[in-house]
Amino acid sequence: MASSARLDKVLDSLDRGLPAAIERLKRFLRIPSISTDPAFAGQVREAAEWLRDELAELGFAATVEATPGHPMVVARTPAGTRRSLLFYGHYDVQPVDPLELWDRDPFDPAVEETSSGKVIRGRGAADDKGQLMTFVEACRAWKSVHGALPDGLILLFEGEEESGSPSLAGFLRDNAERLRASLALICDTGMYADGRPAITTQLRGLLGEEIVIRGADRDLHSGSFGGLAANPLQVLVTALAALKDTQGRVTLPGFYDGAPELSDALRADWDVLGFDAGDFLSQVGLRHPIGEPGRSGLEMVWNRPTLEINGIAGGYAGDGFKTVLPAEARAKLSCRLVGTQDPAAIRAALHAHIRSFLPDDCTVEFHPHGSSMASVMDISDPAFATARQALTEEWGREAAFIGAGGSIPVAGDFKRLLGMDSMLIGFGRDDDRIHSPNEKYDVESFAKGARSWARILAALE
C-alpha cells in the first residue's frame, strides 16, 4: 500500500500541474479525429500518434497499431507485484454538425467561465479525450513522485468507438494474451445525476430488429378491397400490440429467462440516490411513469429488460388523404437486456410471434440490427470496494454503485473475449452535451478525475 504521504505528493503534483495539463488537453482537442468521416482519416491517425508520443515521453512502451480501420494505441509498463490493469478509452470524436449551433470553433478549445464553474469547451472534451487524459495525467504525477510509472498497466485507446468499433473485437481476439489483465478500467462514463461519484457495475444489453410485412403486389383501393384483402399494416400493428400485456410485461415466451431480481444490497444503494421518476420524466415534458407495477424507477431503467417500438411505417402518411390498403408495412424494434438474457433466443421468439399473426396471403422479412448481452460485474472483487472508497475520499460524498440503461459494448467484449470484468469510472456530467454542439467538460471533473485515478492506483497497489 502506498503511504499516505506519497499519495499526498502525487495529489499535490496534480494540483500544481493542472494548468499545464489543461494545455496538453487543448492540444489534443485541436486534432479533429472524426472517425465516421473518411475525409478525416489522416487526423484520426494524427491523434493516435499524438497519444503515442505523449505516452512514450512518460516512459510507456507505446505503439500505434494497424487495424482494418483506424489504428489502436497500445501502451504498457513492465509487470510487477501489483495486479495488472487494462485502461480503455477512445480518442476519436463525433462529427460537429450542425456547425452553426456552436458558439465557437469546435476544434479551437478554450476554458470558459460559466454559472456553474469553469469548463473546457470543444469537441471531444468530455467524450472521450478529457476523460482518458485524466488517467494519463494521474500516471504523469505518479512518475514525478515515485520516479517510475505504476507497474502492470496496459493502456488501450481506440480510434473507432464513435463509428461502432468495427475493428475492436478482432483486435482483442488477435491480441488476447498480451492485453489480458486482472481487471479492466473504462473511463467512458459519468457521475450520477446529482454529481455523486459512481462506479457503473451493470450495463444492459441490446437487440435490434426490423420487420417487413408484405401483402398485395400494389397498394389497394380501400373501397374495392377493404374487408376482403389482407392489410399488412393491420397485421403488423395487431402483432405488435400483442407483445405486451396490460401490466406492461412482454409476452414473448421465455423473454424473462435470465432476468434477475435486484439484490437487496443494490436496492439499498439505489434507494439512497433518491431518484424521482416523475421529476426525471418532467425534463422531457412527461409526468407519469409506466411499466411493471411495483418496480422502482431506477430498477426499471437499470435492472429490467425492455421491448420498445422505435418506428413504424406503411401506407400513405402525407398531406391530405389517400384511402389505400398498403402493400407493405414495416417496424423497427429494440430490446434492452439484463442478466443472462439470450439475444438469439429472444430474436427467435420474436420471429415466431410475428409469424403467428401472419395470414396466408402475407409474407414477412426480418432484418437484424445487432445484439449484445448485458454486462454484469462481479462486485465481490475487493477492487470495487477499494475504488469506491477512494472516490468517496476524493469527492467528499459517498460513491455509488450504479447501473446504466444503455450499452457500452467494450465492457461485454472484455468479458467475452478476455475474461475480464470492468470497472466503469468516469467524471462526465449530464449537461456535458456530448454528441451535440458546444460540448464541454468541467475543469473540476478533469482535475478531480485525475486525482481520483491517482487515489485508485495507490489503493490498488
# chains A, B, ... in the order shown; residues from 1 in each chain; ligands from 1

$ select_by_dssp --residues "region 90-248 of chain A" --states "strand (DSSP E)" --output "MDAnalysis selection string"
chainID A and resid 90 110:114 117:121 153:158 183:186 198:203 205:214 220:221

$ write_last_selection --atoms "N, CA and C atoms" --output "tab-separated table (two decimals), in the first residue's frame"
chain	number	residue	atom	x	y	z
A	90	HIS	N	-11.22	6.10	-25.72
A	90	HIS	CA	-11.18	6.26	-27.18
A	90	HIS	C	-10.82	7.70	-27.52
A	110	ALA	N	-11.28	26.04	-25.52
A	110	ALA	CA	-10.96	27.12	-24.60
A	110	ALA	C	-11.59	26.82	-23.25
A	111	VAL	N	-10.99	27.38	-22.21
A	111	VAL	CA	-11.58	27.34	-20.87
A	111	VAL	C	-12.52	28.52	-20.73
A	112	GLU	N	-13.77	28.24	-20.36
A	112	GLU	CA	-14.78	29.28	-20.23
A	112	GLU	C	-15.34	29.30	-18.81
A	113	GLU	N	-15.70	30.47	-18.36
A	113	GLU	CA	-16.37	30.62	-17.07
A	113	GLU	C	-17.87	30.53	-17.28
A	114	THR	N	-18.54	29.66	-16.54
A	114	THR	CA	-19.98	29.54	-16.61
A	114	THR	C	-20.58	29.74	-15.23
A	117	GLY	N	-19.27	27.13	-12.90
A	117	GLY	CA	-17.84	26.94	-12.78
A	117	GLY	C	-17.15	26.91	-14.13
A	118	LYS	N	-15.84	26.69	-14.10
A	118	LYS	CA	-15.07	26.68	-15.33
A	118	LYS	C	-15.26	25.37	-16.09
A	119	VAL	N	-15.32	25.49	-17.42
A	119	VAL	CA	-15.46	24.31	-18.28
A	119	VAL	C	-14.45	24.40	-19.41
A	120	ILE	N	-14.11	23.24	-19.96
A	120	ILE	CA	-13.27	23.15	-21.16
A	120	ILE	C	-14.22	22.89	-22.32
A	121	ARG	N	-14.32	23.83	-23.26
A	121	ARG	CA	-15.29	23.75	-24.34
A	121	ARG	C	-14.60	23.26	-25.61
A	153	LEU	N	0.52	-1.96	-15.93
A	153	LEU	CA	-0.51	-1.21	-16.63
A	153	LEU	C	-0.49	-1.51	-18.13
A	154	ILE	N	-1.67	-1.64	-18.71
A	154	ILE	CA	-1.85	-1.70	-20.16
A	154	ILE	C	-2.86	-0.63	-20.51
A	155	LEU	N	-2.53	0.23	-21.47
A	155	LEU	CA	-3.46	1.27	-21.94
A	155	LEU	C	-3.88	0.92	-23.36
A	156	LEU	N	-5.18	0.92	-23.61
A	156	LEU	CA	-5.72	0.64	-24.93
A	156	LEU	C	-6.64	1.78	-25.32
A	157	PHE	N	-6.24	2.53	-26.35
A	157	PHE	CA	-7.02	3.66	-26.82
A	157	PHE	C	-7.48	3.39	-28.25
A	158	GLU	N	-8.79	3.42	-28.44
A	158	GLU	CA	-9.41	3.04	-29.71
A	158	GLU	C	-9.72	4.28	-30.54
A	183	LEU	N	-8.16	-6.93	-14.40
A	183	LEU	CA	-9.33	-6.07	-14.34
A	183	LEU	C	-9.19	-4.98	-15.39
A	184	ALA	N	-10.32	-4.62	-16.02
A	184	ALA	CA	-10.33	-3.51	-16.97
A	184	ALA	C	-10.91	-2.27	-16.29
A	185	LEU	N	-10.39	-1.11	-16.68
A	185	LEU	CA	-10.89	0.19	-16.24
A	185	LEU	C	-11.37	0.93	-17.47
A	186	ILE	N	-12.60	1.42	-17.44
A	186	ILE	CA	-13.19	2.11	-18.58
A	186	ILE	C	-13.63	3.50	-18.13
A	198	ALA	N	-19.34	7.75	-9.04
A	198	ALA	CA	-20.04	6.48	-9.22
A	198	ALA	C	-19.18	5.48	-9.97
A	199	ILE	N	-19.45	4.22	-9.71
A	199	ILE	CA	-18.87	3.11	-10.47
A	199	ILE	C	-20.04	2.37	-11.10
A	200	THR	N	-20.06	2.31	-12.41
A	200	THR	CA	-21.12	1.58	-13.11
A	200	THR	C	-20.79	0.10	-13.07
A	201	THR	N	-21.70	-0.69	-12.52
A	201	THR	CA	-21.42	-2.11	-12.31
A	201	THR	C	-22.28	-3.02	-13.19
A	202	GLN	N	-23.25	-2.46	-13.90
A	202	GLN	CA	-24.02	-3.29	-14.81
A	202	GLN	C	-24.54	-2.45	-15.96
A	203	LEU	N	-24.54	-3.06	-17.13
A	203	LEU	CA	-24.96	-2.40	-18.36
A	203	LEU	C	-25.96	-3.30	-19.06
A	205	GLY	N	-27.85	-5.04	-22.14
A	205	GLY	CA	-27.52	-5.44	-23.50
A	205	GLY	C	-28.53	-4.88	-24.48
A	206	LEU	N	-28.40	-5.28	-25.74
A	206	LEU	CA	-29.21	-4.67	-26.79
A	206	LEU	C	-29.53	-5.68	-27.88
A	207	LEU	N	-30.74	-5.58	-28.41
A	207	LEU	CA	-31.14	-6.36	-29.58
A	207	LEU	C	-31.98	-5.44	-30.46
A	208	GLY	N	-31.69	-5.43	-31.76
A	208	GLY	CA	-32.46	-4.64	-32.70
A	208	GLY	C	-33.01	-5.49	-33.83
A	209	GLU	N	-34.21	-5.17	-34.29
A	209	GLU	CA	-34.84	-5.96	-35.36
A	209	GLU	C	-35.76	-5.07	-36.20
A	210	GLU	N	-35.68	-5.22	-37.52
A	210	GLU	CA	-36.63	-4.58	-38.42
A	210	GLU	C	-37.53	-5.65	-39.01
A	211	ILE	N	-38.82	-5.39	-39.02
A	211	ILE	CA	-39.83	-6.34	-39.52
A	211	ILE	C	-40.50	-5.73	-40.73
A	212	VAL	N	-40.60	-6.49	-41.82
A	212	VAL	CA	-41.26	-6.02	-43.04
A	212	VAL	C	-42.32	-7.05	-43.43
A	213	ILE	N	-43.57	-6.62	-43.46
A	213	ILE	CA	-44.68	-7.50	-43.86
A	213	ILE	C	-45.22	-7.00	-45.20
A	214	ARG	N	-45.38	-7.92	-46.15
A	214	ARG	CA	-45.88	-7.57	-47.48
A	214	ARG	C	-47.14	-8.38	-47.80
A	220	LEU	N	-53.78	-0.99	-52.50
A	220	LEU	CA	-55.13	-1.30	-52.97
A	220	LEU	C	-56.13	-0.23	-52.54
A	221	HIS	N	-57.11	0.03	-53.37
A	221	HIS	CA	-58.20	0.95	-53.07
A	221	HIS	C	-59.03	0.35	-51.94

$ residues_around --residues "Gly215 (chain A)" --least-positions-apart "2" --cutoff "12 Å" --atoms "only C-alpha atoms" --output "JSON, numbers by chain"
{"A": [212, 213, 217, 218, 219, 220, 229, 230, 231, 232, 233, 234, 235, 236, 314, 315, 325, 326, 327, 328, 329, 330, 358, 359, 360, 361, 362, 363, 364, 365]}

$ write_last_selection --atoms "N, CA and C atoms" --output "CSV table (one decimal), in the first residue's frame"
chain,number,residue,atom,x,y,z
A,212,VAL,N,-40.6,-6.5,-41.8
A,212,VAL,CA,-41.3,-6.0,-43.0
A,212,VAL,C,-42.3,-7.1,-43.4
A,213,ILE,N,-43.6,-6.6,-43.5
A,213,ILE,CA,-44.7,-7.5,-43.9
A,213,ILE,C,-45.2,-7.0,-45.2
A,217,ASP,N,-49.5,-7.0,-54.4
A,217,ASP,CA,-48.4,-6.5,-55.3
A,217,ASP,C,-48.4,-5.0,-55.5
A,218,ARG,N,-49.4,-4.4,-54.9
A,218,ARG,CA,-49.5,-2.9,-55.1
A,218,ARG,C,-50.4,-2.4,-53.9
A,219,ASP,N,-50.4,-1.1,-53.7
A,219,ASP,CA,-51.4,-0.5,-52.7
A,219,ASP,C,-52.8,-0.7,-53.4
A,220,LEU,N,-53.8,-1.0,-52.5
A,220,LEU,CA,-55.1,-1.3,-53.0
A,220,LEU,C,-56.1,-0.2,-52.5
A,229,ALA,N,-59.3,-8.0,-48.6
A,229,ALA,CA,-57.8,-8.3,-48.8
A,229,ALA,C,-57.1,-8.1,-47.5
A,230,ALA,N,-56.0,-8.9,-47.3
A,230,ALA,CA,-55.1,-8.7,-46.1
A,230,ALA,C,-54.5,-7.3,-46.2
A,231,ASN,N,-54.5,-6.7,-45.0
A,231,ASN,CA,-53.8,-5.4,-44.9
A,231,ASN,C,-52.5,-5.5,-44.0
A,232,PRO,N,-51.4,-5.5,-44.7
A,232,PRO,CA,-50.1,-5.7,-43.9
A,232,PRO,C,-49.9,-4.8,-42.7
A,233,LEU,N,-50.4,-3.5,-42.8
A,233,LEU,CA,-50.3,-2.6,-41.7
A,233,LEU,C,-51.1,-3.1,-40.5
A,234,GLN,N,-52.3,-3.5,-40.8
A,234,GLN,CA,-53.2,-4.0,-39.7
A,234,GLN,C,-52.6,-5.3,-39.1
A,235,VAL,N,-52.1,-6.2,-39.9
A,235,VAL,CA,-51.4,-7.4,-39.4
A,235,VAL,C,-50.2,-7.0,-38.5
A,236,LEU,N,-49.5,-6.0,-38.9
A,236,LEU,CA,-48.3,-5.6,-38.2
A,236,LEU,C,-48.7,-5.0,-36.8
A,314,GLY,N,-45.9,2.6,-43.1
A,314,GLY,CA,-46.7,1.9,-44.1
A,314,GLY,C,-47.9,2.7,-44.6
A,315,GLY,N,-48.2,2.5,-45.9
A,315,GLY,CA,-49.3,3.3,-46.5
A,315,GLY,C,-49.0,4.7,-46.7
A,325,LEU,N,-55.1,0.3,-48.9
A,325,LEU,CA,-54.5,-0.7,-48.1
A,325,LEU,C,-53.1,-0.8,-48.6
A,326,PRO,N,-52.1,-0.6,-47.7
A,326,PRO,CA,-50.7,-0.6,-48.1
A,326,PRO,C,-50.3,-2.0,-48.5
A,327,ALA,N,-49.4,-2.0,-49.5
A,327,ALA,CA,-48.8,-3.3,-49.9
A,327,ALA,C,-47.8,-3.8,-48.9
A,328,GLU,N,-47.2,-2.8,-48.1
A,328,GLU,CA,-46.1,-3.2,-47.3
A,328,GLU,C,-46.2,-2.4,-46.0
A,329,ALA,N,-45.8,-3.0,-44.9
A,329,ALA,CA,-45.7,-2.3,-43.6
A,329,ALA,C,-44.4,-2.7,-42.9
A,330,ARG,N,-43.8,-1.8,-42.2
A,330,ARG,CA,-42.5,-2.2,-41.5
A,330,ARG,C,-42.4,-1.5,-40.2
A,358,LEU,N,-49.5,-14.0,-39.0
A,358,LEU,CA,-49.4,-13.7,-40.5
A,358,LEU,C,-50.5,-14.5,-41.2
A,359,PRO,N,-51.4,-13.9,-42.0
A,359,PRO,CA,-52.3,-14.6,-42.8
A,359,PRO,C,-51.6,-15.2,-44.0
A,360,ASP,N,-52.4,-16.1,-44.7
A,360,ASP,CA,-51.8,-16.9,-45.8
A,360,ASP,C,-51.2,-16.0,-46.9
A,361,ASP,N,-51.9,-14.9,-47.2
A,361,ASP,CA,-51.5,-14.0,-48.3
A,361,ASP,C,-50.4,-13.0,-48.0
A,362,CYS,N,-49.8,-13.1,-46.8
A,362,CYS,CA,-48.8,-12.1,-46.4
A,362,CYS,C,-47.4,-12.9,-46.2
A,363,THR,N,-46.4,-12.2,-46.5
A,363,THR,CA,-45.0,-12.7,-46.2
A,363,THR,C,-44.3,-11.7,-45.2
A,364,VAL,N,-43.3,-12.2,-44.6
A,364,VAL,CA,-42.5,-11.4,-43.6
A,364,VAL,C,-41.0,-11.6,-43.9
A,365,GLU,N,-40.3,-10.5,-43.7
A,365,GLU,CA,-38.9,-10.5,-43.7
A,365,GLU,C,-38.4,-9.9,-42.4

$ residues_around --residues "Leu179 (chain A)" --least-positions-apart "5" --cutoff "8 Å" --atoms "only C-alpha atoms" --output "PyMOL selection string"
chain A and resi 86+154+172+418

$ residues_around --residues "Ala277 (chain A)" --least-positions-apart "3" --cutoff "7 Å" --atoms "only C-alpha atoms" --output "list in words"
Phe280, Leu281, Pro289 and Gly297 of chain A

$ residues_around --residues "region 65-71 of chain A" --least-positions-apart "6" --cutoff "12 Å" --atoms "only C-alpha atoms" --output "ChimeraX atom specification"
/A:33-38,40-49,51-52,90-92,156-172,174-175

$ write_last_selection --atoms "C-alpha atoms" --output "PDB file, in the first residue's frame"
ATOM      1  CA  SER A  33     -10.200  12.977 -35.098  1.00  0.00           C
ATOM      2  CA  ILE A  34     -13.681  12.330 -36.548  1.00  0.00           C
ATOM      3  CA  SER A  35     -13.752   8.584 -37.170  1.00  0.00           C
ATOM      4  CA  THR A  36     -17.067   8.428 -39.048  1.00  0.00           C
ATOM      5  CA  ASP A  37     -15.899  10.649 -41.935  1.00  0.00           C
ATOM      6  CA  PRO A  38     -13.212   9.179 -44.248  1.00  0.00           C
ATOM      7  CA  PHE A  40     -10.608  12.894 -41.505  1.00  0.00           C
ATOM      8  CA  ALA A  41      -8.653   9.614 -41.613  1.00  0.00           C
ATOM      9  CA  GLY A  42      -5.352  11.481 -41.548  1.00  0.00           C
ATOM     10  CA  GLN A  43      -6.376  13.478 -38.489  1.00  0.00           C
ATOM     11  CA  VAL A  44      -7.534  10.321 -36.701  1.00  0.00           C
ATOM     12  CA  ARG A  45      -4.082   8.863 -37.213  1.00  0.00           C
ATOM     13  CA  GLU A  46      -2.534  12.155 -36.108  1.00  0.00           C
ATOM     14  CA  ALA A  47      -4.426  11.886 -32.815  1.00  0.00           C
ATOM     15  CA  ALA A  48      -3.209   8.308 -32.350  1.00  0.00           C
ATOM     16  CA  GLU A  49       0.377   9.373 -32.965  1.00  0.00           C
ATOM     17  CA  LEU A  51      -1.115   9.937 -27.857  1.00  0.00           C
ATOM     18  CA  ARG A  52       1.702   7.500 -28.594  1.00  0.00           C
ATOM     19  CA  HIS A  90     -11.183   6.264 -27.179  1.00  0.00           C
ATOM     20  CA  TYR A  91      -9.530   9.147 -28.969  1.00  0.00           C
ATOM     21  CA  ASP A  92     -11.972   9.553 -31.868  1.00  0.00           C
ATOM     22  CA  LEU A 156      -5.720   0.636 -24.933  1.00  0.00           C
ATOM     23  CA  PHE A 157      -7.023   3.660 -26.820  1.00  0.00           C
ATOM     24  CA  GLU A 158      -9.409   3.045 -29.710  1.00  0.00           C
ATOM     25  CA  GLY A 159      -9.998   5.204 -32.775  1.00  0.00           C
ATOM     26  CA  GLU A 160     -13.379   3.827 -33.906  1.00  0.00           C
ATOM     27  CA  GLU A 161     -15.687   3.938 -30.883  1.00  0.00           C
ATOM     28  CA  GLU A 162     -17.848   6.673 -32.404  1.00  0.00           C
ATOM     29  CA  SER A 163     -18.278   4.616 -35.579  1.00  0.00           C
ATOM     30  CA  GLY A 164     -19.355   1.395 -33.892  1.00  0.00           C
ATOM     31  CA  SER A 165     -15.956  -0.178 -33.029  1.00  0.00           C
ATOM     32  CA  PRO A 166     -15.853  -2.408 -36.130  1.00  0.00           C
ATOM     33  CA  SER A 167     -12.226  -3.435 -35.550  1.00  0.00           C
ATOM     34  CA  LEU A 168     -12.235  -3.828 -31.770  1.00  0.00           C
ATOM     35  CA  ALA A 169     -13.409  -7.415 -31.327  1.00  0.00           C
ATOM     36  CA  GLY A 170     -10.970  -8.739 -33.929  1.00  0.00           C
ATOM     37  CA  PHE A 171      -8.116  -6.777 -32.366  1.00  0.00           C
ATOM     38  CA  LEU A 172      -8.939  -8.176 -28.930  1.00  0.00           C
ATOM     39  CA  ASP A 174      -5.772 -11.372 -32.132  1.00  0.00           C
ATOM     40  CA  ASN A 175      -4.016  -9.808 -29.138  1.00  0.00           C
TER      41      ASN A 175
END

$ closest_residue --among "A:Leu417, A:Arg123, A:Met72, A:Glu54" --to "Asp103 (chain A)" --atoms "only C-alpha atoms"
A:Arg123

$ select_by_dssp --residues "region 123-364 of chain A" --states "helix (DSSP H, G or I)" --output "PyMOL selection string"
chain A and resi 129-146+161-163+168-174+176-179+222-225+232-241+264-272+277-282+297-302+343-356

$ residues_around --residues "region 338-355 of chain A" --least-positions-apart "6" --cutoff "8 Å" --atoms "only C-alpha atoms" --output "count of residues only"
29

$ atom_distance --atom1 "CA of Pro382 (chain A)" --atom2 "CA of Asp269 (chain A)"
17.2 Å

$ closest_residue --among "A:Arg287, A:His367, A:Arg451, A:Arg397" --to "Gly195 (chain A)" --atoms "only C-alpha atoms"
A:Arg397

$ residues_around --residues "Leu29 (chain A)" --least-positions-apart "2" --cutoff "7 Å" --atoms "only C-alpha atoms" --output "MDAnalysis selection string"
chainID A and resid 25:27 31 107 109 122:125

$ atom_distance --atom1 "CA of Leu298 (chain A)" --atom2 "CA of Glu444 (chain A)"
26.8 Å

$ closest_residue --among "A:Ser263, A:Asn438, A:Ser452, A:Gln247" --to "Ala390 (chain A)" --atoms "only C-alpha atoms"
A:Ser452

$ atom_distance --atom1 "CA of Leu99 (chain A)" --atom2 "CA of Asp430 (chain A)"
21.6 Å

$ decode --residues "region 139-212 of chain A" --atoms "C-alpha atoms" --output "tab-separated table (two decimals), in the first residue's frame"
chain	number	residue	atom	x	y	z
A	139	CYS	CA	0.27	8.48	-14.36
A	140	ARG	CA	2.36	11.58	-15.10
A	141	ALA	CA	2.09	12.79	-11.49
A	142	TRP	CA	2.74	9.29	-10.18
A	143	LYS	CA	6.01	9.12	-12.07
A	144	SER	CA	7.07	12.59	-10.92
A	145	VAL	CA	6.79	11.45	-7.30
A	146	HIS	CA	7.71	7.77	-7.47
A	147	GLY	CA	10.33	8.05	-10.21
A	148	ALA	CA	8.59	5.35	-12.24
A	149	LEU	CA	5.17	4.57	-13.66
A	150	PRO	CA	2.90	2.09	-11.89
A	151	ASP	CA	3.77	-1.45	-12.96
A	152	GLY	CA	1.36	-3.84	-14.61
A	153	LEU	CA	-0.51	-1.21	-16.63
A	154	ILE	CA	-1.85	-1.70	-20.16
A	155	LEU	CA	-3.46	1.27	-21.94
A	156	LEU	CA	-5.72	0.64	-24.93
A	157	PHE	CA	-7.02	3.66	-26.82
A	158	GLU	CA	-9.41	3.04	-29.71
A	159	GLY	CA	-10.00	5.20	-32.77
A	160	GLU	CA	-13.38	3.83	-33.91
A	161	GLU	CA	-15.69	3.94	-30.88
A	162	GLU	CA	-17.85	6.67	-32.40
A	163	SER	CA	-18.28	4.62	-35.58
A	164	GLY	CA	-19.36	1.40	-33.89
A	165	SER	CA	-15.96	-0.18	-33.03
A	166	PRO	CA	-15.85	-2.41	-36.13
A	167	SER	CA	-12.23	-3.44	-35.55
A	168	LEU	CA	-12.23	-3.83	-31.77
A	169	ALA	CA	-13.41	-7.41	-31.33
A	170	GLY	CA	-10.97	-8.74	-33.93
A	171	PHE	CA	-8.12	-6.78	-32.37
A	172	LEU	CA	-8.94	-8.18	-28.93
A	173	ARG	CA	-9.06	-11.73	-30.27
A	174	ASP	CA	-5.77	-11.37	-32.13
A	175	ASN	CA	-4.02	-9.81	-29.14
A	176	ALA	CA	-5.78	-11.52	-26.26
A	177	GLU	CA	-2.70	-12.82	-24.48
A	178	ARG	CA	-0.88	-9.51	-24.32
A	179	LEU	CA	-3.99	-7.45	-23.50
A	180	ARG	CA	-5.48	-9.68	-20.81
A	181	ALA	CA	-5.27	-8.28	-17.28
A	182	SER	CA	-6.91	-8.97	-13.94
A	183	LEU	CA	-9.33	-6.07	-14.34
A	184	ALA	CA	-10.33	-3.51	-16.97
A	185	LEU	CA	-10.89	0.19	-16.24
A	186	ILE	CA	-13.19	2.11	-18.58
A	187	CYS	CA	-13.48	5.89	-18.43
A	188	ASP	CA	-16.25	6.48	-21.00
A	189	THR	CA	-18.95	7.02	-18.37
A	190	GLY	CA	-20.13	9.72	-16.00
A	191	MET	CA	-21.10	10.61	-12.47
A	192	TYR	CA	-24.56	10.18	-11.05
A	193	ALA	CA	-27.02	12.94	-11.92
A	194	ASP	CA	-26.53	14.85	-8.66
A	195	GLY	CA	-22.75	15.00	-9.06
A	196	ARG	CA	-22.06	11.96	-6.91
A	197	PRO	CA	-19.01	9.87	-7.94
A	198	ALA	CA	-20.04	6.48	-9.22
A	199	ILE	CA	-18.87	3.11	-10.47
A	200	THR	CA	-21.12	1.58	-13.11
A	201	THR	CA	-21.42	-2.11	-12.31
A	202	GLN	CA	-24.02	-3.29	-14.81
A	203	LEU	CA	-24.96	-2.40	-18.36
A	204	ARG	CA	-28.00	-3.53	-20.27
A	205	GLY	CA	-27.52	-5.44	-23.50
A	206	LEU	CA	-29.21	-4.67	-26.79
A	207	LEU	CA	-31.14	-6.36	-29.58
A	208	GLY	CA	-32.46	-4.64	-32.70
A	209	GLU	CA	-34.84	-5.96	-35.36
A	210	GLU	CA	-36.63	-4.58	-38.42
A	211	ILE	CA	-39.83	-6.34	-39.52
A	212	VAL	CA	-41.26	-6.02	-43.04
